[in-house]
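Remarks on the structure that follows.
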Amino acid sequence: MSEITPELVTHLASLSRIDLSPDEIASLTTELGQIVDSIAKVSEVATADVPATSHPIPLTNALRADVVGETLTQEQVLQNAPEQQDGKFVVTAILGEEQ
Amino acid sequence: MAKDKILSFERALELYEPVLGFEVHIELGTKTKMFSSAPNEFGSEPNTNITPVDLGLPGTLPVVNEQAVRYSISLGLALGCEIAETSSFARKNYFYPDMTKNYQITQSDQPIAYDGSVEVELADGTIFHVPIERAHMEEDAGKLTHVGGSAGRIQGASASLVDYNRAGVPLVEIVTRPIFGAEHNAPELAKAYVAVVREIAISLGISEARMERGNLRCDANVSLRPRGQEKLGTRTETKNVNSLRSVERAVRYEIQRQAAILEAGGTITQETRHWHEDTGTTSAGRPKSDADDYRYFPEPDLLPVVPGRELIEQLRSELPEAPAARNRRLKGEWGFTDLEFQDVVNGGLLAEISSTVAAGATAQAARKWWTGEIARIANTQGVDAASLISPENVAATAKLVEAGTLTDKLARQVIEGVIAGEGSPQEVVDARGLAVVSDDGALIAAIDEALAAQPDILEKLREGKVQAAGAVIGAVMKAMKGQADAARVRELLLERAAQA
């Protein structure tokens, strides 16, 4: 059975910075649980010697030469920004996952 | 911000064994980004080094930069790593505005390089082998400037400005395994390890590795365990450590801070901590997410990278000498004492001295100028010595001293002049009129003048009281405004005494 609990959904929502109502948490718990259970069926077929398929086509080494190409202008980059200042996007300050 | 209680470093070490770990990010000096053909340049106008790929716009497809792969393999080899037969990319999901895609392309279970070891030598000659778990390729994030808070720091900021020029710049992240046994050398080992990684990157020519520009960034993991305990303690990860000196200080501080908590019966919270250069302390950041929270999964847009054996062996054959081995060789070639060499290493001046010697100076002269006058000026100005003057100009100055054109005292003024932007050493000599008076006639005239003022000195010299020469030499040097070779003045004076 699914390991999706309301607590887990709440946690995922906070990681994704989505505000969910109690009703939404309840319905998502059920729905996500069903999705996870369905996908878990694949594991019953796949044995340890079947490698995970991340790419359906058997190609490797699609590489690009290190040569500078065309870039966007600053105006183009910022044209959909809700707010901008000094050529930069303005976003709400968040104390969180900084790389 | 509440001030942390800390324990003395000595007491902390008595009670606890420090265990270290490092994550070092190196920005590769490729011409373009990791997955797009946007220029990889520092200091451009905000949001101009950008293609649709870097903004993660719908319908765009990232493509791996071949040069970044080669650089990563070279770095992996220099770190003593195995190179993966098949290396693949993964998405690391997180929601933060430094990435437009809400994920970072990185590597998870198939990094390009793994299982290495780096030799690090400490000041007392102890050699440490720092175990490397992996080195993987990834993309850098955009740069946030926090406004509204104090001094652009994240705490207390009300809004952030985002520049995505850095988003997508190729990075290699080098992850160590836990490092045991450093004991009281832990802070020094931290600094020395990062210095060695930096030297490796520079000697490979894959990165400028300038910490002040963020080309090389270090996250330092520290945990403590009570003496005799097998189980590892809870670790913290200190970020924002942007100089070698800070790495050392941050590790020392975390050892002392954690020891105080543990000794008082408290527990360490697993969290990110921010280093504050000004106060020399760390403060709590976010609680560290579990790896699960990033929900890594294979990046479907990118095919695996399978580096051929031939390429790997070619890159292996082109590797420069390892820093530790090179240091041993140079120390012998230059004939420096342990102390002299340590001074050079601590000052980060190996490359400068090598280049100065290559430009024709003797090793001792190169060392003397770089660790002496130039380091002094650099300290006063709070900058790197290397940024002040070129090795060629130092060598040119040293050669003028060797040729007798300059005394050491005059040469110091020449160095000052070159640093002040007055031109080449020869130009400074000409403009400031600094050359040594080598005209014996002028020197003899000055000697005669000095002797006329102190007639008894000739007598003393003839009686063998050589120390009497000092007064005359001093007077001549003064008359020549210091621009005479004191040894030559002495010779001429003694000749004079012998003649009459």
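Numbering starts fresh at 1 for the residues of each chain in the structure tokens, the chains themselves are lettered A, B, ... in the order given, and ligands are numbered from 1 as they appear.
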
- Task: Check every residue of chain A for an atom within 10 Å of chain B, counting only C-alpha atoms, and provide those that qualify as a count of residues only.
- Result: 50

- Query: Got a sec to tell me which of segment 265-480 of chain B DSSP assigns to alpha helix (DSSP H), as JSON, numbers by chain?
  - Reply: {"B": [309, 310, 311, 312, 313, 314, 315, 316, 317, 323, 324, 325, 326, 327, 328, 329, 330, 331, 332, 333, 334, 338, 339, 340, 341, 342, 343, 344, 345, 346, 350, 351, 352, 353, 354, 355, 356, 357, 358, 363, 364, 365, 366, 367, 368, 369, 375, 376, 377, 378, 379, 380, 381, 391, 392, 393, 394, 395, 396, 397, 398, 399, 400, 401, 402, 408, 409, 410, 411, 412, 413, 414, 415, 416, 417, 418, 419, 425, 426, 427, 428, 429, 430, 431, 432, 440, 441, 442, 443, 444, 445, 446, 447, 448, 449, 450, 451, 452, 453, 456, 457, 458, 459, 460, 461, 462, 469, 470, 471, 472, 473, 474, 475, 476, 477, 478, 479]}

- Message: So the first atom is atom CA of Leu7 of chain B and the second is atom CA of Ala260 of chain B; what is the distance between them in Å, to one decimal place?
- Response: 5.0 Å

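The closest residue to Gln381 of chain B, picked from B:Ala497, B:Leu443, B:Ile419, B:Asn346 and counting only C-alpha atoms, is B:Ile419.
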
- Message: Just to confirm, what's the straight-line distance from atom CA of Ala363 of chain B to atom CA of Ala403 of chain B in Å (one decimal)?
- Response: 16.0 Å

Quick one: everything within 7 Å of segment 29-34 of chain A, counting only C-alpha atoms, minus sequence neighbours fewer than 6 positions away in the same chain. Send it as a tab-separated table (two decimals) with N, CA and C atoms, in the first residue's frame.
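Resulting contents of around-v4.tsv:
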```tsv
chain	number	residue	atom	x	y	z
A	2	SER	N	0.23	2.29	-0.38
A	2	SER	CA	0.94	3.58	-0.54
A	2	SER	C	1.47	4.11	0.80
A	4	ILE	N	1.93	7.31	1.11
A	4	ILE	CA	1.61	8.75	1.08
A	4	ILE	C	0.67	9.09	2.23
A	5	THR	N	1.16	9.93	3.12
A	5	THR	CA	0.36	10.35	4.27
A	5	THR	C	0.07	11.85	4.15
A	6	PRO	N	-0.93	12.33	4.88
A	6	PRO	CA	-1.20	13.79	4.86
A	6	PRO	C	0.04	14.60	5.28
A	9	VAL	N	2.34	14.90	2.32
A	9	VAL	CA	1.81	15.86	1.33
A	9	VAL	C	2.05	17.29	1.81
```

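When atom CA of Val241 of chain B is paired with atom CA of His274 of chain B, their separation reads 8.1 Å.
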
DSSP on the backbone, then: every residue of chain A marked strand (DSSP E or B), written as a compact mmCIF listing (two decimals) with C-alpha atoms, in the first residue's frame.
```txt
# COMPACT_ATOMS: atom_id res chain seq x y z
CA LEU A 63 28.15 16.93 -26.95
CA ARG A 64 28.54 20.53 -28.05
CA GLN A 84 12.61 44.50 -12.32
CA GLN A 85 15.33 46.78 -10.99
CA LYS A 88 17.64 42.27 -12.54
CA PHE A 89 14.51 40.33 -11.62
CA VAL A 90 12.92 41.40 -8.33
CA VAL A 91 11.65 38.51 -6.20
CA THR A 92 10.34 38.20 -2.66
```

- Task: Using only C-alpha atoms, find the one residue out of B:Ala167, B:Leu20, B:Ile73, B:Ala284 that sits nearest to Pro187 of chain B.
- Result: B:Leu20
